[in-house]
Amino acid sequence: MVIFDNELLCTDMFCSKSPDCTELNVRLSRKEDITPRYSIVVTDKQQIKDKINSFAAIIVPKGRDCDWLFGVQRGRINLVENSGFDRLAIVYLQRDHEYSSIEDVKVEIYSTIKKLTPELLKTNLKSKKKITFLSMSDDLGQCKQIASGESKFSGKYFIEEIKRNNKDLFRRLIFTATPNSIQSECKLVKVKIQRKVRNIVDYSYLASEHHTYMALAAAMVSKIENAFKVLIIGLGGGALTMFLHIFFKQANITSLEIDSEILQIAKKYFGFKENKQLNVIISDGIDYLHTAAARGEQYHAIFFDVDSKDLSLGVSCPPLNFLQPSLLEDVSKCLHSAGVFVLNLACQDKEIRFETVGKTKKIFQHITSFKTEYDLNELFFLL
């Protein structure tokens, strides 16, 4: 444990490396804190010809830590490249702590940020030139936790609501194991029901870019078949499932979810509703597909939208056992002759991606892929 100033202790410090850059990660706590009060990531501009000549700190408002600019390394690299500085110390406010004002935050972390300043610039600080602080807004962010719990399969989770632009309200499901990643998100809109104003879910909103591609695949098969069957592996908050149900009335949708707790979360907090054309089966997706293939079941669209719990493998979606040739063969057997299988692959390991492409080419006749702009996701359309 390292003391950075009279108030804050450095409880953890490590470097995270990737082919793109190396970042320094720092966790800060007060003596009485059980959990870190601040998290800081130091990111440098990628192509610096000589020494670091400029430095600034940026304070991320509560609820914005999952934004692409702050939540993933590619976003942070983009942020520093467009900031006008060679190095940025990105300061994250923690959800379970209270902060009085932006100015008080600056005072509390100033000594720490000063120690992260490049050596070349420390002489400027001695001459009383202050550190530059950037901020995304004038306030600390509007983020409120409304529920929490624990899932047998996914561990601890919490539900939070955040307000953007001081008007738009969003609800999120986040797992504690991956706090910078949004598992599910919906947009809330105000409506008047029985003379009372309430927030309800806007089913027309898709927060995830990869869900837009899956909706496009559903539109493709809807042009071929008047009534069609959709199988979705992974429910989450049910945003994709509800969107397809609302906009494709002729679709019969089955969603597979291994975790019954997730289904209850979707119903209670994300407005998910089952009916005759939309049902959820609590089942292991792999077991279900094996059985469905053996029974000769067919679907016009099959979507893999399931996350991996083991992030050490370099793949966050899907779990590696969903990429086994035997399972992909079963998917092919379950796919209607005019159907499409969409595989959502979020992979940092180039070798795994190369192997996945090789497996799919042996099973499916036509393969097209699209990379999302802001995430690691790559959508494979397989026919």
# chains A, B, ... in the order shown; residues from 1 in each chain; ligands from 1

$ closest_atom_pairs --of "stretch 252-350 of chain A" --to "stretch 163-185 of chain A" --cutoff "12 Å" --atoms "only C-alpha atoms" --output "Markdown table"
| residue | atom | partner | partner_atom | distance |
| --- | --- | --- | --- | --- |
| A:Ile262 | CA | A:Leu173 | CA | 9.7 |
| A:Ile265 | CA | A:Leu173 | CA | 8.6 |
| A:Ala266 | CA | A:Ser184 | CA | 9.2 |
| A:Lys268 | CA | A:Leu173 | CA | 11.8 |
| A:Tyr269 | CA | A:Arg171 | CA | 8.1 |
| A:Phe270 | CA | A:Arg171 | CA | 7.8 |
| A:Gly271 | CA | A:Arg171 | CA | 10.9 |
| A:Asp305 | CA | A:Gln183 | CA | 10.9 |
| A:Val306 | CA | A:Gln183 | CA | 10.1 |
| A:Asp307 | CA | A:Gln183 | CA | 8.7 |
| A:Ser308 | CA | A:Thr178 | CA | 11.1 |
| A:Lys309 | CA | A:Ala177 | CA | 8.9 |
| A:Asp310 | CA | A:Ala177 | CA | 10.3 |
| A:Leu311 | CA | A:Thr178 | CA | 9.3 |
| A:Ser316 | CA | A:Ser181 | CA | 10.5 |
| A:Cys317 | CA | A:Gln183 | CA | 11.5 |

$ select_by_dssp --residues "stretch 136-213 of chain A" --states "alpha helix (DSSP H)" --output "list in words"
Glu209, His210, His211, Thr212 and Tyr213 of chain A

$ closest_residue --among "A:Gln250, A:Thr11, A:Gln142, A:Ser137" --to "A:Gly63" --atoms "only C-alpha atoms"
A:Gln142

$ closest_residue --among "A:Leu28, A:Met242, A:Cys143, A:Ala207" --to "A:Asp96" --atoms "only C-alpha atoms"
A:Cys143

$ closest_residue --among "A:Ser369, A:Thr43, A:Gln73, A:Ser148" --to "A:Ser18" --atoms "only C-alpha atoms"
A:Gln73

$ residues_around --residues "stretch 228-231 of chain A" --least-positions-apart "3" --cutoff "8 Å" --atoms "only C-alpha atoms" --output "PDB file with N, CA, C and O atoms, in the first residue's frame"
ATOM      1  N   ALA A 218     -33.300 -10.487 -39.191  1.00  0.00           N
ATOM      2  CA  ALA A 218     -34.722 -10.839 -39.070  1.00  0.00           C
ATOM      3  C   ALA A 218     -35.521 -10.232 -40.213  1.00  0.00           C
ATOM      4  O   ALA A 218     -36.434 -10.864 -40.751  1.00  0.00           O
ATOM      5  N   VAL A 221     -35.142 -12.422 -43.428  1.00  0.00           N
ATOM      6  CA  VAL A 221     -35.949 -13.639 -43.534  1.00  0.00           C
ATOM      7  C   VAL A 221     -37.438 -13.313 -43.575  1.00  0.00           C
ATOM      8  O   VAL A 221     -38.236 -14.086 -44.105  1.00  0.00           O
ATOM      9  N   SER A 222     -37.830 -12.162 -43.034  1.00  0.00           N
ATOM     10  CA  SER A 222     -39.254 -11.788 -43.065  1.00  0.00           C
ATOM     11  C   SER A 222     -39.728 -11.531 -44.493  1.00  0.00           C
ATOM     12  O   SER A 222     -40.924 -11.644 -44.784  1.00  0.00           O
ATOM     13  N   GLU A 225     -40.297 -15.416 -45.829  1.00  0.00           N
ATOM     14  CA  GLU A 225     -41.371 -16.192 -45.203  1.00  0.00           C
ATOM     15  C   GLU A 225     -42.350 -15.253 -44.496  1.00  0.00           C
ATOM     16  O   GLU A 225     -41.928 -14.353 -43.761  1.00  0.00           O
ATOM     17  N   GLN A 250     -45.246 -11.271 -37.218  1.00  0.00           N
ATOM     18  CA  GLN A 250     -45.416 -12.633 -37.728  1.00  0.00           C
ATOM     19  C   GLN A 250     -44.371 -13.602 -37.188  1.00  0.00           C
ATOM     20  O   GLN A 250     -44.403 -14.799 -37.483  1.00  0.00           O
ATOM     21  N   ALA A 251     -43.427 -13.111 -36.403  1.00  0.00           N
ATOM     22  CA  ALA A 251     -42.344 -13.964 -35.908  1.00  0.00           C
ATOM     23  C   ALA A 251     -42.748 -14.716 -34.645  1.00  0.00           C
ATOM     24  O   ALA A 251     -43.373 -14.160 -33.739  1.00  0.00           O
ATOM     25  N   ASN A 252     -42.400 -15.990 -34.600  1.00  0.00           N
ATOM     26  CA  ASN A 252     -42.508 -16.796 -33.382  1.00  0.00           C
ATOM     27  C   ASN A 252     -41.104 -16.889 -32.781  1.00  0.00           C
ATOM     28  O   ASN A 252     -40.202 -17.482 -33.389  1.00  0.00           O
ATOM     29  N   ILE A 253     -40.925 -16.296 -31.622  1.00  0.00           N
ATOM     30  CA  ILE A 253     -39.586 -16.126 -31.050  1.00  0.00           C
ATOM     31  C   ILE A 253     -39.411 -16.997 -29.816  1.00  0.00           C
ATOM     32  O   ILE A 253     -40.241 -16.991 -28.901  1.00  0.00           O
ATOM     33  N   THR A 254     -38.306 -17.738 -29.800  1.00  0.00           N
ATOM     34  CA  THR A 254     -37.906 -18.516 -28.626  1.00  0.00           C
ATOM     35  C   THR A 254     -36.548 -18.012 -28.169  1.00  0.00           C
ATOM     36  O   THR A 254     -35.612 -17.919 -28.961  1.00  0.00           O
ATOM     37  N   SER A 255     -36.459 -17.662 -26.901  1.00  0.00           N
ATOM     38  CA  SER A 255     -35.191 -17.193 -26.339  1.00  0.00           C
ATOM     39  C   SER A 255     -34.730 -18.192 -25.284  1.00  0.00           C
ATOM     40  O   SER A 255     -35.513 -18.593 -24.419  1.00  0.00           O
ATOM     41  N   LEU A 256     -33.476 -18.594 -25.365  1.00  0.00           N
ATOM     42  CA  LEU A 256     -32.904 -19.530 -24.401  1.00  0.00           C
ATOM     43  C   LEU A 256     -32.079 -18.763 -23.380  1.00  0.00           C
ATOM     44  O   LEU A 256     -31.257 -17.921 -23.749  1.00  0.00           O
ATOM     45  N   GLN A 298     -36.484 -26.672 -36.949  1.00  0.00           N
ATOM     46  CA  GLN A 298     -35.898 -25.706 -37.881  1.00  0.00           C
ATOM     47  C   GLN A 298     -36.311 -24.286 -37.518  1.00  0.00           C
ATOM     48  O   GLN A 298     -37.448 -24.026 -37.086  1.00  0.00           O
ATOM     49  N   TYR A 299     -35.369 -23.366 -37.710  1.00  0.00           N
ATOM     50  CA  TYR A 299     -35.599 -21.949 -37.447  1.00  0.00           C
ATOM     51  C   TYR A 299     -35.119 -21.129 -38.644  1.00  0.00           C
ATOM     52  O   TYR A 299     -34.124 -21.477 -39.287  1.00  0.00           O
ATOM     53  N   HIS A 300     -35.825 -20.033 -38.888  1.00  0.00           N
ATOM     54  CA  HIS A 300     -35.441 -19.159 -39.997  1.00  0.00           C
ATOM     55  C   HIS A 300     -34.307 -18.222 -39.622  1.00  0.00           C
ATOM     56  O   HIS A 300     -33.580 -17.733 -40.495  1.00  0.00           O
ATOM     57  N   ALA A 301     -34.169 -17.949 -38.347  1.00  0.00           N
ATOM     58  CA  ALA A 301     -33.077 -17.102 -37.858  1.00  0.00           C
ATOM     59  C   ALA A 301     -32.611 -17.622 -36.510  1.00  0.00           C
ATOM     60  O   ALA A 301     -33.431 -17.901 -35.632  1.00  0.00           O
ATOM     61  N   ILE A 302     -31.299 -17.785 -36.365  1.00  0.00           N
ATOM     62  CA  ILE A 302     -30.696 -18.217 -35.099  1.00  0.00           C
ATOM     63  C   ILE A 302     -29.635 -17.194 -34.731  1.00  0.00           C
ATOM     64  O   ILE A 302     -28.755 -16.875 -35.528  1.00  0.00           O
ATOM     65  N   PHE A 303     -29.728 -16.676 -33.501  1.00  0.00           N
ATOM     66  CA  PHE A 303     -28.804 -15.643 -33.052  1.00  0.00           C
ATOM     67  C   PHE A 303     -28.038 -16.115 -31.815  1.00  0.00           C
ATOM     68  O   PHE A 303     -28.657 -16.531 -30.830  1.00  0.00           O
TER      69      PHE A 303
END

$ closest_residue --among "A:Asp20, A:Asp67, A:Glu378, A:Glu7" --to "A:Met214" --atoms "only C-alpha atoms"
A:Glu378

$ residues_around --residues "A:Leu88" --least-positions-apart "5" --cutoff "10 Å" --atoms "only C-alpha atoms" --output "ChimeraX atom specification"
/A:40-45,54-58,76-77,79-81,83,116-117,132-134

$ write_last_selection --atoms "N, CA and C atoms" --output "tab-separated table (two decimals), in the first residue's frame"
chain	number	residue	atom	x	y	z
A	40	ILE	N	-8.01	5.21	-11.64
A	40	ILE	CA	-7.36	6.06	-12.63
A	40	ILE	C	-6.65	5.20	-13.67
A	41	VAL	N	-6.87	5.51	-14.93
A	41	VAL	CA	-6.16	4.84	-16.03
A	41	VAL	C	-5.35	5.90	-16.76
A	42	VAL	N	-4.05	5.66	-16.88
A	42	VAL	CA	-3.16	6.60	-17.56
A	42	VAL	C	-2.88	6.06	-18.97
A	43	THR	N	-3.27	6.84	-19.97
A	43	THR	CA	-3.14	6.43	-21.37
A	43	THR	C	-2.31	7.46	-22.13
A	44	ASP	N	-1.33	6.97	-22.90
A	44	ASP	CA	-0.48	7.84	-23.71
A	44	ASP	C	-0.88	7.82	-25.17
A	45	LYS	N	-0.59	8.89	-25.86
A	45	LYS	CA	-0.79	8.93	-27.31
A	45	LYS	C	0.08	7.85	-27.94
A	54	SER	N	2.89	17.13	-23.05
A	54	SER	CA	1.64	17.69	-22.53
A	54	SER	C	0.87	16.63	-21.76
A	55	PHE	N	0.16	17.06	-20.74
A	55	PHE	CA	-0.50	16.12	-19.84
A	55	PHE	C	-1.74	16.78	-19.24
A	56	ALA	N	-2.80	16.00	-19.08
A	56	ALA	CA	-4.01	16.51	-18.45
A	56	ALA	C	-4.73	15.36	-17.77
A	57	ALA	N	-5.63	15.69	-16.87
A	57	ALA	CA	-6.49	14.71	-16.23
A	57	ALA	C	-7.92	14.99	-16.65
A	58	ILE	N	-8.69	13.93	-16.83
A	58	ILE	CA	-10.10	14.09	-17.19
A	58	ILE	C	-10.95	13.32	-16.19
A	76	ARG	N	-10.32	4.80	-25.17
A	76	ARG	CA	-9.40	5.68	-24.45
A	76	ARG	C	-8.27	6.16	-25.36
A	77	ILE	N	-7.81	5.28	-26.25
A	77	ILE	CA	-6.79	5.70	-27.22
A	77	ILE	C	-7.34	6.79	-28.12
A	79	LEU	N	-9.68	8.83	-27.34
A	79	LEU	CA	-9.86	10.02	-26.51
A	79	LEU	C	-8.57	10.83	-26.41
A	80	VAL	N	-7.45	10.14	-26.12
A	80	VAL	CA	-6.19	10.87	-25.96
A	80	VAL	C	-5.69	11.41	-27.30
A	81	GLU	N	-5.94	10.68	-28.39
A	81	GLU	CA	-5.51	11.14	-29.70
A	81	GLU	C	-6.21	12.43	-30.10
A	83	SER	N	-7.52	14.65	-27.85
A	83	SER	CA	-7.59	15.57	-26.71
A	83	SER	C	-6.66	16.77	-26.83
A	116	LEU	N	1.62	11.46	-11.12
A	116	LEU	CA	1.52	10.76	-12.41
A	116	LEU	C	1.97	11.63	-13.58
A	117	THR	N	2.34	12.86	-13.28
A	117	THR	CA	2.78	13.79	-14.32
A	117	THR	C	4.14	13.35	-14.87
A	132	THR	N	-3.87	20.66	-15.82
A	132	THR	CA	-5.11	20.89	-16.57
A	132	THR	C	-6.10	19.78	-16.26
A	133	PHE	N	-7.29	20.14	-15.84
A	133	PHE	CA	-8.37	19.17	-15.60
A	133	PHE	C	-9.43	19.36	-16.66
A	134	LEU	N	-9.80	18.26	-17.29
A	134	LEU	CA	-10.89	18.27	-18.27
A	134	LEU	C	-12.09	17.58	-17.65

$ residues_around --residues "A:Asp65" --least-positions-apart "3" --cutoff "7 Å" --atoms "only C-alpha atoms" --output "ChimeraX atom specification"
/A:60,62,70-71,92,180

$ select_by_dssp --residues "stretch 8-166 of chain A" --states "strand (DSSP E or B)" --output "PyMOL selection string"
chain A and resi 8-17+22-30+38-44+55-60+87-93+132-135+142-151+155-164

$ closest_residue --among "A:Leu328, A:Cys334, A:Ala217, A:Leu345" --to "A:Glu297" --atoms "only C-alpha atoms"
A:Cys334
